[in-house]
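This is input_0.cif. It holds mmCIF, C-alpha atoms.
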```
data_protein
#
loop_
_atom_site.label_atom_id
_atom_site.label_comp_id
_atom_site.auth_asym_id
_atom_site.auth_seq_id
_atom_site.Cartn_x
_atom_site.Cartn_y
_atom_site.Cartn_z
CA MET A 1 7.48 -9.49 11.19
CA ASN A 2 7.49 -10.34 7.49
CA GLU A 3 6.39 -13.85 6.66
CA PRO A 4 9.21 -15.98 5.25
CA ASN A 5 7.18 -15.96 2.04
CA SER A 6 7.60 -12.23 1.56
CA LYS A 7 11.36 -12.11 2.04
CA PRO A 8 12.98 -10.73 -1.13
CA LEU A 9 14.59 -13.40 -3.30
CA TRP A 10 17.30 -11.25 -4.85
CA ASN A 11 19.71 -8.70 -3.43
CA PRO A 12 18.19 -5.19 -3.76
CA TYR A 13 21.38 -3.71 -5.22
CA VAL A 14 21.40 -6.38 -7.95
CA VAL A 15 17.71 -5.69 -8.67
CA GLY A 16 18.36 -1.93 -8.80
CA ALA A 17 21.32 -2.41 -11.14
CA GLY A 18 19.10 -4.60 -13.32
CA MET A 19 16.54 -1.78 -13.57
CA GLY A 20 19.36 0.62 -14.42
CA VAL A 21 20.53 -1.60 -17.28
CA LEU A 22 16.92 -2.01 -18.42
CA SER A 23 16.75 1.81 -18.56
CA TRP A 24 19.79 1.90 -20.88
CA LEU A 25 17.95 -0.39 -23.27
CA ALA A 26 14.73 1.58 -22.94
CA PHE A 27 16.53 4.80 -23.90
CA ALA A 28 18.88 3.44 -26.54
CA VAL A 29 16.67 0.92 -28.30
CA VAL A 30 13.08 2.15 -28.06
CA ASN A 31 13.70 5.78 -27.04
CA GLN A 32 11.02 5.46 -24.38
CA PRO A 33 11.84 5.61 -20.64
CA LEU A 34 10.22 3.16 -18.22
CA GLY A 35 6.86 4.45 -17.01
CA VAL A 36 3.52 3.14 -15.80
CA SER A 37 0.98 5.80 -14.84
CA THR A 38 0.51 7.51 -18.23
CA SER A 39 -0.70 4.30 -19.87
CA LEU A 40 -2.75 3.42 -16.81
CA SER A 41 -4.63 6.72 -17.04
CA ALA A 42 -5.22 6.08 -20.74
CA ALA A 43 -6.66 2.69 -19.76
CA SER A 44 -8.95 4.41 -17.25
CA GLY A 45 -10.46 6.27 -20.23
CA ALA A 46 -11.36 3.00 -21.92
CA CYS A 47 -12.85 1.73 -18.65
CA ALA A 48 -14.85 4.93 -18.22
CA VAL A 49 -16.69 4.55 -21.53
CA PRO A 50 -19.53 2.39 -20.09
CA LEU A 51 -19.85 4.75 -17.10
CA LEU A 52 -19.61 8.18 -18.68
CA GLY A 53 -20.57 7.32 -22.24
CA SER A 54 -18.21 7.30 -25.20
CA GLU A 55 -19.11 10.89 -26.13
CA ALA A 56 -17.93 12.24 -22.76
CA VAL A 57 -14.73 10.20 -22.89
CA TRP A 58 -13.65 10.91 -26.43
CA THR A 59 -14.30 14.65 -26.14
CA ASN A 60 -12.44 14.90 -22.84
CA ALA A 61 -9.33 17.05 -23.24
CA TYR A 62 -7.16 14.70 -21.17
CA TRP A 63 -8.13 11.53 -23.01
CA ILE A 64 -7.72 13.29 -26.36
CA LYS A 65 -4.15 14.00 -25.27
CA THR A 66 -3.69 10.50 -23.75
CA PRO A 67 -5.90 8.12 -25.75
CA PHE A 68 -6.18 4.41 -25.04
CA LYS A 69 -4.21 2.35 -27.51
CA TRP A 70 -2.13 -0.81 -27.46
CA ASP A 71 1.10 1.14 -27.79
CA TYR A 72 4.51 0.53 -26.24
CA GLY A 73 3.49 1.88 -22.82
CA MET A 74 0.34 -0.24 -22.60
CA LEU A 75 2.15 -3.42 -23.68
CA PHE A 76 4.81 -2.67 -21.06
CA LEU A 77 2.12 -2.94 -18.37
CA VAL A 78 1.06 -6.32 -19.75
CA GLY A 79 4.71 -7.40 -19.68
CA THR A 80 5.13 -6.22 -16.09
CA PHE A 81 2.13 -8.30 -15.01
CA LEU A 82 3.39 -11.35 -16.91
CA GLY A 83 6.93 -10.99 -15.54
CA SER A 84 5.72 -10.85 -11.96
CA LEU A 85 3.36 -13.77 -12.60
CA ILE A 86 6.16 -15.92 -14.06
CA SER A 87 8.48 -15.04 -11.18
CA THR A 88 5.74 -15.78 -8.62
CA LEU A 89 4.80 -19.13 -10.12
CA VAL A 90 8.40 -20.28 -10.67
CA SER A 91 9.28 -19.50 -7.06
CA GLY A 92 6.08 -21.15 -5.79
CA ARG A 93 5.01 -18.00 -3.98
CA PHE A 94 1.57 -17.41 -5.45
CA ARG A 95 -0.74 -16.85 -2.52
CA ILE A 96 -4.09 -15.08 -2.18
CA GLU A 97 -3.60 -12.15 0.19
CA LYS A 98 -6.54 -10.14 1.47
CA VAL A 99 -5.08 -8.52 4.58
CA PRO A 100 -1.27 -8.22 4.83
CA SER A 101 0.31 -8.94 8.21
CA VAL A 102 1.63 -5.43 8.95
CA TRP A 103 -1.83 -4.00 8.28
CA ALA A 104 -3.49 -6.68 10.46
CA ASP A 105 -1.09 -5.90 13.33
CA TYR A 106 -2.41 -2.36 13.48
CA PHE A 107 -5.93 -2.42 12.08
CA GLY A 108 -7.13 -5.97 12.65
CA PRO A 109 -8.23 -8.74 10.29
CA SER A 110 -11.24 -6.94 8.70
CA VAL A 111 -11.13 -7.52 4.94
CA ALA A 112 -13.66 -4.74 4.22
CA LYS A 113 -11.57 -2.17 6.08
CA ARG A 114 -8.38 -3.12 4.22
CA MET A 115 -10.11 -3.13 0.84
CA ALA A 116 -11.74 0.28 1.46
CA VAL A 117 -8.41 1.88 2.37
CA ALA A 118 -6.61 0.21 -0.57
CA PHE A 119 -9.31 1.59 -2.88
CA ILE A 120 -9.00 5.15 -1.53
CA GLY A 121 -5.21 4.83 -1.61
CA GLY A 122 -5.38 3.76 -5.25
CA ILE A 123 -7.47 6.83 -6.15
CA LEU A 124 -5.03 9.21 -4.42
CA THR A 125 -1.98 7.46 -5.90
CA MET A 126 -3.23 7.78 -9.46
CA TYR A 127 -4.65 11.27 -9.10
CA GLY A 128 -1.36 12.43 -7.59
CA ALA A 129 0.71 10.69 -10.26
CA ARG A 130 -1.20 12.41 -13.06
CA MET A 131 -1.04 15.80 -11.38
CA ALA A 132 2.71 15.38 -10.90
CA GLY A 133 3.19 13.99 -14.42
CA GLY A 134 4.56 10.60 -13.40
CA CYS A 135 4.91 7.95 -10.70
CA THR A 136 7.65 5.98 -8.99
CA SER A 137 8.89 4.63 -12.32
CA GLY A 138 8.40 7.58 -14.71
CA HIS A 139 9.55 10.24 -12.25
CA GLY A 140 11.23 8.22 -9.49
CA ILE A 141 13.52 6.13 -11.67
CA SER A 142 13.45 7.37 -15.29
CA GLY A 143 13.19 11.08 -14.49
CA SER A 144 15.64 11.10 -11.57
CA LEU A 145 18.29 9.26 -13.61
CA GLN A 146 18.07 12.07 -16.19
CA LEU A 147 18.61 14.55 -13.34
CA ALA A 148 15.25 16.23 -14.05
CA VAL A 149 14.32 18.93 -11.54
CA SER A 150 10.65 17.86 -11.66
CA SER A 151 11.54 14.24 -10.89
CA TRP A 152 13.82 14.92 -7.94
CA THR A 153 11.12 17.25 -6.57
CA PHE A 154 8.63 14.39 -6.96
CA PHE A 155 10.92 11.78 -5.41
CA LEU A 156 11.76 13.82 -2.31
CA THR A 157 8.24 15.24 -1.74
CA MET A 158 6.60 11.85 -2.23
CA PHE A 159 9.00 10.21 0.21
CA VAL A 160 8.54 12.85 2.92
CA ALA A 161 4.72 12.77 2.53
CA GLY A 162 4.80 8.97 2.72
CA VAL A 163 6.95 8.90 5.86
CA ILE A 164 4.67 11.43 7.60
CA THR A 165 1.56 9.46 6.58
CA ALA A 166 3.05 6.15 7.73
CA THR A 167 4.15 7.65 11.03
CA LEU A 168 0.65 9.00 11.73
CA LEU A 169 -1.11 5.86 10.49
CA PHE A 170 0.91 3.14 12.22
CA ARG A 171 0.89 4.45 15.77
CA ARG A 172 -1.02 1.95 17.83
CA ARG A 173 -0.79 -1.80 17.44
CA LYS A 174 -4.02 -3.75 17.68
CA THR A 175 -2.41 -7.10 18.40
CA SER A 176 0.30 -7.56 20.98
CA ASN A 177 2.39 -10.19 19.18
CA ALA A 178 5.60 -8.60 17.95
CA MET B 1 21.60 3.06 -33.31
CA ASN B 2 20.85 0.69 -36.17
CA LEU B 3 18.71 -2.23 -35.25
CA PRO B 4 16.84 -4.85 -37.18
CA LEU B 5 13.68 -3.66 -35.45
CA THR B 6 12.22 -0.31 -36.42
CA GLY B 7 8.98 1.62 -36.11
CA GLU B 8 5.95 -0.50 -35.38
CA ALA B 9 7.96 -3.62 -34.54
CA LEU B 10 9.80 -1.82 -31.72
CA ARG B 11 6.55 -1.60 -29.81
CA TRP B 12 6.59 -5.35 -29.20
CA LEU B 13 9.83 -5.02 -27.27
CA ALA B 14 7.59 -3.62 -24.52
CA ILE B 15 6.55 -7.19 -23.69
CA PRO B 16 10.05 -8.61 -22.96
CA PHE B 17 11.14 -5.33 -21.33
CA GLY B 18 8.00 -5.36 -19.17
CA ILE B 19 8.56 -9.01 -18.27
CA VAL B 20 12.09 -8.22 -17.08
CA PHE B 21 10.74 -5.26 -15.08
CA GLY B 22 8.02 -7.44 -13.51
CA ILE B 23 10.53 -10.18 -12.61
CA LEU B 24 12.83 -7.59 -11.01
CA LEU B 25 9.95 -6.06 -9.00
CA HIS B 26 8.86 -9.46 -7.72
CA ARG B 27 12.35 -10.88 -7.06
CA GLY B 28 13.34 -7.63 -5.37
CA GLY B 29 10.47 -8.04 -2.91
CA VAL B 30 8.75 -4.76 -3.80
CA ALA B 31 5.59 -6.42 -5.08
CA THR B 32 4.89 -6.93 -1.37
CA TYR B 33 2.74 -4.62 0.79
CA ASN B 34 4.81 -5.15 3.95
CA VAL B 35 8.09 -4.22 2.25
CA ILE B 36 6.71 -0.99 0.78
CA VAL B 37 4.88 0.15 3.90
CA ASN B 38 7.90 -0.69 6.08
CA GLN B 39 10.03 1.54 3.85
CA PHE B 40 7.83 4.51 4.74
CA ARG B 41 7.95 3.43 8.39
CA LEU B 42 11.76 3.46 8.00
CA LYS B 43 11.99 -0.18 9.10
CA ASP B 44 13.01 -1.78 5.80
CA PHE B 45 15.08 0.07 3.19
CA THR B 46 14.64 -2.32 0.26
CA VAL B 47 12.70 0.23 -1.84
CA LEU B 48 15.29 2.97 -1.40
CA LYS B 49 18.19 0.59 -2.09
CA ILE B 50 16.61 -0.56 -5.35
CA MET B 51 15.58 2.90 -6.54
CA PHE B 52 18.82 4.66 -5.69
CA THR B 53 20.91 1.94 -7.34
CA ALA B 54 18.68 2.04 -10.44
CA VAL B 55 19.00 5.83 -10.68
CA ILE B 56 22.80 5.79 -10.36
CA ILE B 57 23.53 2.82 -12.65
CA GLY B 58 20.82 3.86 -15.10
CA GLY B 59 21.82 7.51 -15.01
CA ILE B 60 25.52 7.02 -15.65
CA GLY B 61 24.76 4.69 -18.56
CA VAL B 62 22.12 6.97 -20.08
CA LEU B 63 24.45 9.95 -19.72
CA ALA B 64 27.17 8.05 -21.60
CA LEU B 65 24.64 7.01 -24.27
CA HIS B 66 23.42 10.60 -24.52
CA GLN B 67 26.91 11.98 -24.98
CA ALA B 68 27.61 9.37 -27.66
CA GLY B 69 24.43 10.42 -29.45
CA HIS B 70 22.53 7.19 -28.78
CA ALA B 71 19.92 8.53 -26.35
CA THR B 72 17.52 11.47 -26.19
CA TYR B 73 16.40 12.94 -22.87
CA HIS B 74 12.72 12.92 -21.95
CA ILE B 75 12.44 15.56 -19.24
CA LYS B 76 9.08 16.14 -17.58
CA PRO B 77 8.28 19.84 -17.08
CA ALA B 78 9.03 21.36 -13.69
CA ASN B 79 5.55 22.69 -12.86
CA MET B 80 6.59 23.01 -9.27
CA LEU B 81 3.12 23.45 -7.71
CA GLY B 82 1.55 20.58 -9.66
CA VAL B 83 4.53 18.28 -9.13
CA SER B 84 4.76 18.99 -5.38
CA LEU B 85 1.02 18.70 -4.72
CA GLY B 86 0.76 15.61 -6.90
CA ALA B 87 3.78 14.02 -5.22
CA ALA B 88 2.31 14.69 -1.76
CA LEU B 89 -1.00 13.07 -2.75
CA PHE B 90 0.97 10.20 -4.29
CA GLY B 91 2.99 9.65 -1.09
CA ILE B 92 -0.17 9.59 1.06
CA GLY B 93 -1.91 7.31 -1.44
CA MET B 94 1.05 4.93 -1.72
CA VAL B 95 1.07 4.34 2.05
CA LEU B 96 -2.70 3.73 2.14
CA TYR B 97 -2.62 1.49 -0.94
CA GLY B 98 0.69 -0.14 -0.02
CA TYR B 99 1.85 -0.11 -3.63
CA CYS B 100 2.67 2.31 -6.44
CA PRO B 101 1.19 1.85 -9.94
CA GLY B 102 3.95 -0.52 -11.18
CA THR B 103 4.31 -2.59 -8.02
CA GLY B 104 0.51 -2.73 -7.71
CA ILE B 105 0.27 -4.43 -11.10
CA ALA B 106 3.10 -6.79 -10.12
CA ALA B 107 1.38 -7.54 -6.80
CA ILE B 108 -1.92 -8.51 -8.45
CA ALA B 109 0.04 -11.25 -10.22
CA THR B 110 1.25 -12.59 -6.85
CA GLY B 111 -2.35 -13.05 -5.65
CA SER B 112 -2.84 -9.81 -3.70
CA LEU B 113 -6.56 -9.06 -3.78
CA HIS B 114 -6.22 -5.70 -2.07
CA ALA B 115 -3.73 -4.74 -4.80
CA LEU B 116 -6.48 -5.54 -7.31
CA VAL B 117 -9.05 -3.44 -5.42
CA GLY B 118 -6.58 -0.56 -5.24
CA PHE B 119 -5.92 -0.99 -8.97
CA VAL B 120 -9.62 -0.31 -9.60
CA GLY B 121 -9.15 2.72 -7.33
CA MET B 122 -6.26 3.84 -9.56
CA LEU B 123 -8.52 3.63 -12.61
CA VAL B 124 -11.08 5.76 -10.76
CA GLY B 125 -8.29 8.21 -9.88
CA GLY B 126 -7.38 8.40 -13.58
CA VAL B 127 -11.02 9.19 -14.43
CA LEU B 128 -11.22 11.89 -11.75
CA TYR B 129 -8.02 13.47 -13.04
CA ALA B 130 -9.29 13.47 -16.62
CA LEU B 131 -12.51 15.15 -15.46
CA SER B 132 -10.60 17.86 -13.58
CA PHE B 133 -7.78 18.13 -16.14
CA VAL B 134 -8.85 21.39 -17.83
CA TRP B 135 -9.19 23.24 -14.54
CA ILE B 136 -5.94 21.84 -13.11
CA GLU B 137 -4.08 22.67 -16.29
CA ALA B 138 -5.36 26.25 -16.34
CA HIS B 139 -4.97 27.08 -12.64
CA LEU B 140 -2.34 24.80 -11.16
CA GLN B 141 0.18 23.73 -13.77
CA LYS B 142 1.01 27.30 -14.77
CA VAL B 143 2.19 28.21 -11.25
CA ALA B 144 5.97 28.17 -10.78
CA ALA B 145 6.43 26.46 -14.15
CA PHE B 146 10.10 26.40 -15.11
CA GLY B 147 9.88 24.08 -18.13
CA LYS B 148 11.91 20.96 -18.88
CA VAL B 149 14.91 21.83 -16.72
CA ARG B 150 17.61 19.53 -15.37
CA LEU B 151 19.66 19.89 -12.19
CA PRO B 152 22.85 20.81 -14.15
CA ASP B 153 20.91 23.68 -15.83
CA ILE B 154 19.87 25.36 -12.61
CA THR B 155 22.96 24.66 -10.48
CA GLY B 156 25.88 24.97 -12.89
CA ILE B 157 27.21 21.64 -11.54
CA PRO B 158 27.89 19.43 -14.60
CA ASP B 159 26.27 16.03 -15.10
CA TRP B 160 29.31 14.06 -13.96
CA GLY B 161 29.49 16.25 -10.86
CA TRP B 162 25.92 15.34 -9.98
CA PHE B 163 26.60 11.65 -10.37
CA ALA B 164 29.74 11.98 -8.24
CA ILE B 165 27.57 13.58 -5.52
CA LEU B 166 24.90 10.86 -5.85
CA VAL B 167 27.50 8.07 -5.69
CA ALA B 168 29.00 9.67 -2.57
CA ILE B 169 25.56 9.93 -0.90
CA ALA B 170 24.74 6.35 -1.88
CA ALA B 171 28.09 5.09 -0.51
CA VAL B 172 27.42 6.68 2.88
CA VAL B 173 23.74 5.70 3.07
CA PHE B 174 24.32 2.10 1.92
CA TRP B 175 27.26 1.74 4.33
CA LEU B 176 25.08 2.96 7.21
CA LEU B 177 22.29 0.55 6.22
CA GLU B 178 24.58 -2.45 5.79
CA ARG B 179 26.59 -2.08 9.00
CA PRO B 180 26.32 -5.25 11.09
CA ARG B 181 24.56 -3.25 13.84
CA ALA B 182 21.94 -1.85 11.44
CA ILE B 183 21.26 -5.31 10.07
CA ALA B 184 20.84 -6.69 13.60
CA THR B 185 18.33 -3.93 14.43
CA GLU B 186 16.42 -4.57 11.25
CA ALA B 187 16.28 -8.30 11.98
CA ALA B 188 15.04 -7.65 15.51
CA ARG B 189 12.04 -5.67 14.24
#
```

What would the structure in this file look like if it were written as structure tokens?
Amino acid sequence: MNEPNSKPLWNPYVVGAGMGVLSWLAFAVVNQPLGVSTSLSAASGACAVPLLGSEAVWTNAYWIKTPFKWDYGMLFLVGTFLGSLISTLVSGRFRIEKVPSVWADYFGPSVAKRMAVAFIGGILTMYGARMAGGCTSGHGISGSLQLAVSSWTFFLTMFVAGVITATLLFRRRKTSNA
Amino acid sequence: MNLPLTGEALRWLAIPFGIVFGILLHRGGVATYNVIVNQFRLKDFTVLKIMFTAVIIGGIGVLALHQAGHATYHIKPANMLGVSLGAALFGIGMVLYGYCPGTGIAAIATGSLHALVGFVGMLVGGVLYALSFVWIEAHLQKVAAFGKVRLPDITGIPDWGWFAILVAIAAVVFWLLERPRAIATEAAR
């Protein structure tokens, strides 16, 4: 079902162990666990300035607490993008993708439909991450490895909600090719 | 820990650390929509294998560092209503988007345009949360709030006990997933 192009290059256990070792360094050297969504929501504040006006943004209680700055967390996002870009280019796998194959199997080749759902999904993902206080990296990996009650609650609830959603969403194939 | 880098200079380590994270996400296959969605459809367990291994290897190391005085814990507060509701929204959103925040960023770099559109959606989600923050904080985050608690605090099972349990669960789950029969079924899908 997956194109040969999307087959993982490295063994998942090796990749997971690599992230574990990266966590050791993150804790011991910079005293800052891996995380993505906090900085991303700070970036949303900077992006909202032209829309809401700087007054509304800089007096907002959330953005006062989480202001946009080029700190460790924000630079980590830049690094993540660069790392994936390097890996993609080195392996010759860069490819423009508008509609992934699993989606097309069930919902057809419409680009507009896929983009609309990705957009709504992005909104829910971020809103949920901020309400929960973290995402798959901050809660899922960094929080769970510290045995935090909040993070294990997040991990298990998120997974169950995702499985239910996927089961309801991917029920009827549009194309017959398996 | 004494290092040549301190204070402001430490911040720049985010770039090499982020690059390693991005390489691992891409090489592990999780910067791919199909892999993430098929995890939630229980057809491909790459995501779970990576995350569970990261938690166990990372957790045992961080625990050892913590006990040696080289690491501080950063525990997020257990506001059970906010965490559960947020996690449920996150799970629904992640299936619709096909990525989480970190893998979404990594996927944009692979050429995924729908990852980019969903990234704009994530920024909008951040704005909507900021606009509703005061209300959520006052009404939702105070419900069933137990503070920055860890599993050993509420269960009495010590840290090493928890990791023994997690290793045992991982051993069984990974064995089940890697049996020749399971691999054949996965390949047939």

So what do you get for atom CA of B:Gly121 versus atom CA of B:Ile75, distance-wise? 27.8 Å

To verify the selection step, state as a list in words which residues the PyMOL selection byres ((chain B and resi 52) around 9) yields on this input. Tyr13, Gly16 and Ile141 of chain A; Val47, Leu48, Lys49, Ile50, Met51, Thr53, Ala54, Val55, Ile56, Ile57, Leu166 and Ala170 of chain B

Mind telling me what the PyMOL selection byres ((chain A and resi 145-154) around 7) catches here, as a PDB file with C-alpha atoms, keeping the file's coordinate frame?
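File produced: expr.pdb:
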```pdb
ATOM      1  CA  HIS A 139       9.550  10.240 -12.250  1.00  0.00           C
ATOM      2  CA  GLY A 140      11.230   8.220  -9.490  1.00  0.00           C
ATOM      3  CA  ILE A 141      13.520   6.130 -11.670  1.00  0.00           C
ATOM      4  CA  SER A 142      13.450   7.370 -15.290  1.00  0.00           C
ATOM      5  CA  GLY A 143      13.190  11.080 -14.490  1.00  0.00           C
ATOM      6  CA  SER A 144      15.640  11.100 -11.570  1.00  0.00           C
ATOM      7  CA  PHE A 155      10.920  11.780  -5.410  1.00  0.00           C
ATOM      8  CA  LEU A 156      11.760  13.820  -2.310  1.00  0.00           C
ATOM      9  CA  THR A 157       8.240  15.240  -1.740  1.00  0.00           C
ATOM     10  CA  MET A 158       6.600  11.850  -2.230  1.00  0.00           C
TER      11      MET A 158
ATOM     12  CA  VAL B  55      19.000   5.830 -10.680  1.00  0.00           C
ATOM     13  CA  ILE B  56      22.800   5.790 -10.360  1.00  0.00           C
ATOM     14  CA  GLY B  58      20.820   3.860 -15.100  1.00  0.00           C
ATOM     15  CA  GLY B  59      21.820   7.510 -15.010  1.00  0.00           C
ATOM     16  CA  TYR B  73      16.400  12.940 -22.870  1.00  0.00           C
ATOM     17  CA  ILE B  75      12.440  15.560 -19.240  1.00  0.00           C
ATOM     18  CA  LYS B  76       9.080  16.140 -17.580  1.00  0.00           C
ATOM     19  CA  PRO B  77       8.280  19.840 -17.080  1.00  0.00           C
ATOM     20  CA  ALA B  78       9.030  21.360 -13.690  1.00  0.00           C
ATOM     21  CA  MET B  80       6.590  23.010  -9.270  1.00  0.00           C
ATOM     22  CA  VAL B  83       4.530  18.280  -9.130  1.00  0.00           C
ATOM     23  CA  SER B  84       4.760  18.990  -5.380  1.00  0.00           C
ATOM     24  CA  ALA B  87       3.780  14.020  -5.220  1.00  0.00           C
ATOM     25  CA  VAL B 149      14.910  21.830 -16.720  1.00  0.00           C
ATOM     26  CA  ARG B 150      17.610  19.530 -15.370  1.00  0.00           C
ATOM     27  CA  LEU B 151      19.660  19.890 -12.190  1.00  0.00           C
TER      28      LEU B 151
END
```

For the structure shown, which residues end up in the PyMOL selection byres ((chain A and resi 160) around 12)? Put them as a list of chain:residue names, please? A:Thr153, A:Phe154, A:Phe155, A:Leu156, A:Thr157, A:Met158, A:Phe159, A:Ala161, A:Gly162, A:Val163, A:Ile164, A:Thr165, A:Ala166, A:Thr167, B:Gln39, B:Phe40, B:Arg41, B:Leu42, B:Ser84, B:Ala87, B:Ala88, B:Leu89, B:Phe90, B:Gly91, B:Ile92, B:Met94, B:Val95

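Nearest to B:Asn38 of all the residues B:Lys148, B:Val120, B:Lys142, B:Tyr99 is B:Tyr99, based on only C-alpha atoms.
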
Choose the residue, out of A:Leu85, A:Ala116, A:Leu34, A:Leu169, that has the smallest atom-to-atom separation from chain B; count all atoms listed in the file. A:Leu85

Closest to A:Ile64 among A:Ala48, A:Gly83, A:Ala42, A:Gly134, using all atoms listed in the file?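 Ranked by minimum distance to A:Ile64, first place goes to A:Ala42.
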
Given all atoms listed in the file as the basis, pick out the residue of A:Phe76, A:Phe170, A:Trp58, A:Trp70 nearest to A:Asp105.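 The shortest atom-to-atom distance to A:Asp105 comes from A:Phe170.
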
Restricting to all atoms listed in the file, whichever of A:Gly20, A:Pro12, A:Pro100, A:Gly45 is closest to A:Ala118 is A:Pro100

Taking 6 positions as the minimum chain separation for residues in the same chain, which residues sit within 10 Å of A:Ser41 when counting all atoms listed in the file? Answer as number ranges by chain. A: 47, 62-63, 66-68, 126-127, 129-130; B: 122-130

Can I get the selection written as a PDB file, in the frame of the given file, with C-alpha atoms?
```pdb
ATOM      1  CA  CYS A  47     -12.850   1.730 -18.650  1.00  0.00           C
ATOM      2  CA  TYR A  62      -7.160  14.700 -21.170  1.00  0.00           C
ATOM      3  CA  TRP A  63      -8.130  11.530 -23.010  1.00  0.00           C
ATOM      4  CA  THR A  66      -3.690  10.500 -23.750  1.00  0.00           C
ATOM      5  CA  PRO A  67      -5.900   8.120 -25.750  1.00  0.00           C
ATOM      6  CA  PHE A  68      -6.180   4.410 -25.040  1.00  0.00           C
ATOM      7  CA  MET A 126      -3.230   7.780  -9.460  1.00  0.00           C
ATOM      8  CA  TYR A 127      -4.650  11.270  -9.100  1.00  0.00           C
ATOM      9  CA  ALA A 129       0.710  10.690 -10.260  1.00  0.00           C
ATOM     10  CA  ARG A 130      -1.200  12.410 -13.060  1.00  0.00           C
TER      11      ARG A 130
ATOM     12  CA  MET B 122      -6.260   3.840  -9.560  1.00  0.00           C
ATOM     13  CA  LEU B 123      -8.520   3.630 -12.610  1.00  0.00           C
ATOM     14  CA  VAL B 124     -11.080   5.760 -10.760  1.00  0.00           C
ATOM     15  CA  GLY B 125      -8.290   8.210  -9.880  1.00  0.00           C
ATOM     16  CA  GLY B 126      -7.380   8.400 -13.580  1.00  0.00           C
ATOM     17  CA  VAL B 127     -11.020   9.190 -14.430  1.00  0.00           C
ATOM     18  CA  LEU B 128     -11.220  11.890 -11.750  1.00  0.00           C
ATOM     19  CA  TYR B 129      -8.020  13.470 -13.040  1.00  0.00           C
ATOM     20  CA  ALA B 130      -9.290  13.470 -16.620  1.00  0.00           C
TER      21      ALA B 130
END
```

When you draw a straight line from atom CA of A:Phe81 to atom CA of A:Asn11, how long is it in Å?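 Spanning atom CA of A:Phe81 to atom CA of A:Asn11 is a straight-line distance of 21.1 Å.
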
So that I can see what lies close to A:Ser39, please list as a PyMOL selection string the residues with an atom at most 7 Å from it, counting all atoms listed in the file and leaving out residues fewer than 3 positions away in the same chain. chain A and resi 36+42-43+73-74

I'd like to know which of A:Phe27, A:Trp10, A:Trp103, A:Tyr72 is closest to B:Ala64, using only C-alpha atoms.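 When distances to B:Ala64 are compared using only C-alpha atoms, the smallest one comes from A:Phe27.
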